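Each remark here refers to the structure printed beneath this line.
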Amino acid sequence: MPSLPNVVPGALDVPTVEKLRESNTPSHPPRSLILYGSLRPQSFSRKLALEAQRLLEHLGAETRLFDPHELPMLDSVPASHPKVQELRQASLWSEGHVWVSPERHGTLTAVFKNQIDWLPLEEGSVRPTQGRTLAVMQVCGGSQSFNVVNALRVLGRWMRMVTIPNQSSVAKAWQEFDDEGRMKPSAFYDRVVDVMEELVKFTLLVRGRSDYLVERYSERKGAVEAAALAAAAGVIEAVSNEEESA
């Protein structure tokens with residue numbers, strides 16, 4: 001490979017359409033975990049999360065809505081705490097996430113961030129969020145803002161997730177829900193429908209292929225180098241054994 005002297009040839013994959021066609025597509029409905037970021041009794045992020053759940057189930061998805069009540073602050077208890085395990089198991093079960101947070105002081109809430117902080121990037125050989133799809137939404141107490149959805153996108157990238165292009169920001173959320181907690185007809189509601197529809201499409205597209213999509217040259221290079229070192233160590237050990245026998 002004269003034009004790429006710093007690349008390890010055995011570790012470099014050339015993507016093809018055929019490789020993308022090769023998948024172990026599950027037969028079950030797409031699985032979505034929904035997280036929201038408020039503990040208030042009249043939480044508008046929870047109301048929006050429930051609206052998202054209804055739409056996803058209508059679109060054929062299985063859903064789990066995680067309740068952040070009683071989830072301890074990060075590192076205040078061992079990871080074996082039942083609420084932490086509930087969250088982590090739901091993430092492992094999922095193929096896509098929906099994240100909904102209010103805006104507090106220009107960014108997402110501590111309640112929401114605490115849930116993400118409890119999800120490790122790696123746990124043994126498992127990466128609980130890598131390759132999963134993600135939809136982000138926010139509710140605003142006043143005029144429309146995109147601070148939270150932008151922050152959630154940064155988090156999603158850090159968690160190695162496939163964040164869909166569409167998003168939703170609901171302005172003056174207190175005006176957008178009726179007394180039964182249902183979202184009123186509006187352009188805001190239409191956008192929520194758009195986001196959930198797109199999430200299901202991307203989840204169906206990505207799942208079964210996520211391992212290939214997130215596979216990295218740097219990791220394959222490390223494996224190639226480790227194998228070469230192991231082989232070299234084996235040769236040295238064999239020569240040493242032969243010399244001792246002689």
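Residues are referred to by chain and number: the chain letter is A, B, ... according to the order shown in the structure tokens, the number counts from 1 in that chain, and ligands are numbered separately from 1 in the order shown.
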
Taking only C-alpha atoms into account, produce a table as a Markdown table in which each residue of stretch 48-150 of chain A with an atom at most 12 Å from an atom of stretch 205-213 of chain A appears once, together with its shortest atom pair and the distance in Å to one decimal, ordered by chain and rising number.
| residue | atom | partner | partner_atom | distance |
| --- | --- | --- | --- | --- |
| A:Ser94 | CA | A:Arg207 | CA | 10.3 |
| A:Glu95 | CA | A:Arg207 | CA | 6.7 |
| A:Gly96 | CA | A:Arg207 | CA | 8.9 |
| A:Val126 | CA | A:Asp211 | CA | 11.4 |
| A:Arg127 | CA | A:Asp211 | CA | 10.7 |
| A:Thr129 | CA | A:Ser210 | CA | 10.8 |
| A:Gln130 | CA | A:Ser210 | CA | 8.1 |
| A:Gly131 | CA | A:Ser210 | CA | 4.9 |
| A:Arg132 | CA | A:Ser210 | CA | 7.3 |
| A:Thr133 | CA | A:Val206 | CA | 7.5 |
| A:Leu134 | CA | A:Val206 | CA | 11.2 |

Once you have the residues from the selection above, write them out as a PDB file, in the first residue's frame, restricted to N, CA, C and O atoms.
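Written out: again30.pdb:
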ATOM      1  N   SER A  94     -32.670  -2.262  24.473  1.00  0.00           N
ATOM      2  CA  SER A  94     -33.121  -1.337  23.435  1.00  0.00           C
ATOM      3  C   SER A  94     -32.290  -1.427  22.159  1.00  0.00           C
ATOM      4  O   SER A  94     -31.153  -1.891  22.153  1.00  0.00           O
ATOM      5  N   GLU A  95     -32.882  -0.944  21.080  1.00  0.00           N
ATOM      6  CA  GLU A  95     -32.178  -0.746  19.809  1.00  0.00           C
ATOM      7  C   GLU A  95     -32.160   0.733  19.434  1.00  0.00           C
ATOM      8  O   GLU A  95     -31.445   1.134  18.525  1.00  0.00           O
ATOM      9  N   GLY A  96     -32.978   1.521  20.121  1.00  0.00           N
ATOM     10  CA  GLY A  96     -33.028   2.962  19.914  1.00  0.00           C
ATOM     11  C   GLY A  96     -33.454   3.652  21.194  1.00  0.00           C
ATOM     12  O   GLY A  96     -34.087   3.030  22.057  1.00  0.00           O
ATOM     13  N   VAL A 126     -19.070  -5.284  26.482  1.00  0.00           N
ATOM     14  CA  VAL A 126     -20.332  -4.741  25.985  1.00  0.00           C
ATOM     15  C   VAL A 126     -20.307  -3.222  26.050  1.00  0.00           C
ATOM     16  O   VAL A 126     -19.862  -2.640  27.043  1.00  0.00           O
ATOM     17  N   ARG A 127     -20.786  -2.567  25.010  1.00  0.00           N
ATOM     18  CA  ARG A 127     -20.958  -1.119  24.996  1.00  0.00           C
ATOM     19  C   ARG A 127     -22.454  -0.850  24.964  1.00  0.00           C
ATOM     20  O   ARG A 127     -23.101  -1.011  23.922  1.00  0.00           O
ATOM     21  N   THR A 129     -24.577   1.514  24.737  1.00  0.00           N
ATOM     22  CA  THR A 129     -25.303   2.444  23.855  1.00  0.00           C
ATOM     23  C   THR A 129     -24.752   2.477  22.437  1.00  0.00           C
ATOM     24  O   THR A 129     -25.410   3.025  21.549  1.00  0.00           O
ATOM     25  N   GLN A 130     -23.590   1.921  22.191  1.00  0.00           N
ATOM     26  CA  GLN A 130     -22.966   2.022  20.877  1.00  0.00           C
ATOM     27  C   GLN A 130     -23.825   1.395  19.782  1.00  0.00           C
ATOM     28  O   GLN A 130     -24.318   0.275  19.919  1.00  0.00           O
ATOM     29  N   GLY A 131     -24.017   2.147  18.695  1.00  0.00           N
ATOM     30  CA  GLY A 131     -24.751   1.635  17.546  1.00  0.00           C
ATOM     31  C   GLY A 131     -26.253   1.729  17.657  1.00  0.00           C
ATOM     32  O   GLY A 131     -26.964   1.392  16.721  1.00  0.00           O
ATOM     33  N   ARG A 132     -26.760   2.201  18.793  1.00  0.00           N
ATOM     34  CA  ARG A 132     -28.205   2.388  18.924  1.00  0.00           C
ATOM     35  C   ARG A 132     -28.614   3.731  18.331  1.00  0.00           C
ATOM     36  O   ARG A 132     -27.834   4.679  18.341  1.00  0.00           O
ATOM     37  N   THR A 133     -29.816   3.787  17.810  1.00  0.00           N
ATOM     38  CA  THR A 133     -30.309   5.044  17.266  1.00  0.00           C
ATOM     39  C   THR A 133     -30.795   5.943  18.396  1.00  0.00           C
ATOM     40  O   THR A 133     -31.095   5.476  19.496  1.00  0.00           O
ATOM     41  N   LEU A 134     -30.902   7.235  18.103  1.00  0.00           N
ATOM     42  CA  LEU A 134     -31.288   8.201  19.127  1.00  0.00           C
ATOM     43  C   LEU A 134     -32.094   9.330  18.514  1.00  0.00           C
ATOM     44  O   LEU A 134     -31.711   9.897  17.490  1.00  0.00           O
TER      45      LEU A 134
END

Near-stretch 45-53 of chain A list (8 Å; only C-alpha atoms; drop same-chain fewer than 2 positions) as an mmCIF file with N, CA, C and O atoms, in the first residue's frame:
data_model
loop_
_atom_site.group_PDB
_atom_site.id
_atom_site.type_symbol
_atom_site.label_atom_id
_atom_site.label_comp_id
_atom_site.auth_asym_id
_atom_site.auth_seq_id
_atom_site.Cartn_x
_atom_site.Cartn_y
_atom_site.Cartn_z
ATOM 1 N N ILE A 34 -37.196 5.094 26.386
ATOM 2 C CA ILE A 34 -37.536 6.512 26.468
ATOM 3 C C ILE A 34 -37.113 7.051 27.830
ATOM 4 O O ILE A 34 -37.508 6.515 28.870
ATOM 5 N N LEU A 35 -36.291 8.105 27.819
ATOM 6 C CA LEU A 35 -35.828 8.753 29.034
ATOM 7 C C LEU A 35 -36.316 10.196 29.068
ATOM 8 O O LEU A 35 -36.320 10.873 28.036
ATOM 9 N N TYR A 36 -36.725 10.665 30.237
ATOM 10 C CA TYR A 36 -37.129 12.062 30.375
ATOM 11 C C TYR A 36 -36.466 12.660 31.608
ATOM 12 O O TYR A 36 -35.943 11.936 32.458
ATOM 13 N N GLY A 37 -36.499 14.004 31.732
ATOM 14 C CA GLY A 37 -35.613 14.652 32.689
ATOM 15 C C GLY A 37 -36.237 15.529 33.743
ATOM 16 O O GLY A 37 -35.691 16.588 34.064
ATOM 17 N N SER A 38 -37.366 15.107 34.315
ATOM 18 C CA SER A 38 -37.985 15.914 35.362
ATOM 19 C C SER A 38 -38.700 15.027 36.364
ATOM 20 O O SER A 38 -39.270 13.996 35.999
ATOM 21 N N SER A 43 -44.858 17.048 35.091
ATOM 22 C CA SER A 43 -43.690 17.150 34.221
ATOM 23 C C SER A 43 -44.097 17.161 32.748
ATOM 24 O O SER A 43 -44.711 16.218 32.255
ATOM 25 N N LEU A 55 -46.936 7.131 20.052
ATOM 26 C CA LEU A 55 -46.644 7.154 18.615
ATOM 27 C C LEU A 55 -45.770 5.975 18.212
ATOM 28 O O LEU A 55 -46.026 5.317 17.196
ATOM 29 N N LEU A 56 -44.735 5.691 18.996
ATOM 30 C CA LEU A 56 -43.840 4.585 18.671
ATOM 31 C C LEU A 56 -44.584 3.253 18.659
ATOM 32 O O LEU A 56 -44.375 2.417 17.771
ATOM 33 N N GLU A 57 -45.448 3.064 19.634
ATOM 34 C CA GLU A 57 -46.191 1.804 19.684
ATOM 35 C C GLU A 57 -47.174 1.699 18.521
ATOM 36 O O GLU A 57 -47.384 0.612 17.969
ATOM 37 N N THR A 63 -41.742 -0.499 23.501
ATOM 38 C CA THR A 63 -41.159 0.619 24.249
ATOM 39 C C THR A 63 -41.014 0.299 25.733
ATOM 40 O O THR A 63 -41.744 -0.529 26.276
ATOM 41 N N LEU A 65 -40.506 2.959 29.103
ATOM 42 C CA LEU A 65 -40.373 4.315 29.618
ATOM 43 C C LEU A 65 -39.739 4.233 31.000
ATOM 44 O O LEU A 65 -40.326 3.674 31.922
ATOM 45 N N VAL A 98 -35.101 7.433 22.955
ATOM 46 C CA VAL A 98 -35.698 8.762 22.850
ATOM 47 C C VAL A 98 -35.303 9.515 24.117
ATOM 48 O O VAL A 98 -35.559 9.039 25.221
ATOM 49 N N VAL A 100 -35.738 13.054 26.227
ATOM 50 C CA VAL A 100 -36.555 14.261 26.364
ATOM 51 C C VAL A 100 -36.152 14.977 27.651
ATOM 52 O O VAL A 100 -36.215 14.393 28.730
ATOM 53 N N SER A 101 -35.760 16.233 27.536
ATOM 54 C CA SER A 101 -35.381 16.983 28.739
ATOM 55 C C SER A 101 -35.964 18.389 28.685
ATOM 56 O O SER A 101 -36.035 18.993 27.610
ATOM 57 N N PRO A 102 -36.344 18.931 29.844
ATOM 58 C CA PRO A 102 -36.649 20.361 29.912
ATOM 59 C C PRO A 102 -35.350 21.157 29.779
ATOM 60 O O PRO A 102 -34.258 20.606 29.925
ATOM 61 N N GLN A 138 -36.892 18.404 23.379
ATOM 62 C CA GLN A 138 -36.867 19.224 24.578
ATOM 63 C C GLN A 138 -38.188 19.958 24.736
ATOM 64 O O GLN A 138 -38.934 20.143 23.770
ATOM 65 N N VAL A 139 -38.479 20.348 25.977
ATOM 66 C CA VAL A 139 -39.625 21.215 26.254
ATOM 67 C C VAL A 139 -39.096 22.521 26.839
ATOM 68 O O VAL A 139 -38.129 22.527 27.604
ATOM 69 N N PHE A 177 -50.421 21.089 26.117
ATOM 70 C CA PHE A 177 -51.024 19.851 26.610
ATOM 71 C C PHE A 177 -52.364 20.162 27.255
ATOM 72 O O PHE A 177 -52.531 21.197 27.925
ATOM 73 N N GLY A 181 -53.364 15.578 29.867
ATOM 74 C CA GLY A 181 -51.954 15.316 29.623
ATOM 75 C C GLY A 181 -51.625 14.975 28.184
ATOM 76 O O GLY A 181 -50.479 14.618 27.883
ATOM 77 N N ARG A 182 -52.605 15.101 27.293
ATOM 78 C CA ARG A 182 -52.373 14.807 25.884
ATOM 79 C C ARG A 182 -51.951 16.052 25.135
ATOM 80 O O ARG A 182 -52.421 17.158 25.403
ATOM 81 N N MET A 183 -51.079 15.877 24.162
ATOM 82 C CA MET A 183 -50.585 17.007 23.383
ATOM 83 C C MET A 183 -51.658 17.475 22.410
ATOM 84 O O MET A 183 -52.310 16.669 21.730
ATOM 85 N N VAL A 192 -43.239 16.208 16.402
ATOM 86 C CA VAL A 192 -43.014 15.028 17.244
ATOM 87 C C VAL A 192 -43.326 13.758 16.449
ATOM 88 O O VAL A 192 -42.592 12.776 16.510
ATOM 89 N N VAL A 193 -44.423 13.792 15.679
ATOM 90 C CA VAL A 193 -44.765 12.648 14.825
ATOM 91 C C VAL A 193 -43.637 12.400 13.825
ATOM 92 O O VAL A 193 -43.212 11.251 13.602
ATOM 93 N N MET A 196 -40.622 10.678 15.605
ATOM 94 C CA MET A 196 -40.841 9.274 15.953
ATOM 95 C C MET A 196 -40.876 8.387 14.713
ATOM 96 O O MET A 196 -40.337 7.272 14.709
#

Subject >> Atomic separation - atom CA of A:Glu70 relative to atom CA of A:Asp117, Å >> reply: 15.1 Å

**OP:** Please identify which residues in stretch 16-240 of chain A DSSP calls helix (DSSP H, G or I) from the backbone, and express them as an MDAnalysis selection string.
**Re:** chainID A and resid 17:21 44:58 82:93 110:117 147:158 173:175 187:206 210:213 217:240

**OP:** Check the smallest atom-to-atom distance from each of A:Pro9, A:Val84, A:His69, A:Arg21 to A:Arg40 using only C-alpha atoms, then report the winner.
**Re:**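 For A:Arg40, the nearest of the candidates is A:His69.
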
**OP:** Using only C-alpha atoms, determine which residues lie at most 12 Å from A:Ala79, disregarding the query and same-chain residues fewer than 4 positions distant; provide the list as a list in words.
**Re:**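 Listed by chain and then number, they are Leu71, Pro72, Met73, Leu74, Asp75, Lys83, Val84, Gln85, Glu86, Leu87, Arg88, Gln89, Asp117, Trp118, Leu119, Pro120 and Glu123 of chain A.
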
Original post:
With only C-alpha atoms as the atoms that count, which of A:Leu108, A:Ala231, A:Ala173, A:Leu121 lies nearest to A:Ala151?
Top reply: A:Leu108

**OP:** Give the strand (DSSP E or B) residues of stretch 123-238 of chain A, as DSSP finds them on the backbone, and put them as a VMD selection string.
**Re:** chain A and resid 123 126 133 to 139 162 to 163 168 to 170 177 183

**OP:** Point out the residue among A:Leu199, A:Val214, A:Ala230, A:Val148 with the least atom-to-atom distance to A:Met161, counting only C-alpha atoms.
**Re:**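 Of all the options, A:Val214 lies closest to A:Met161.
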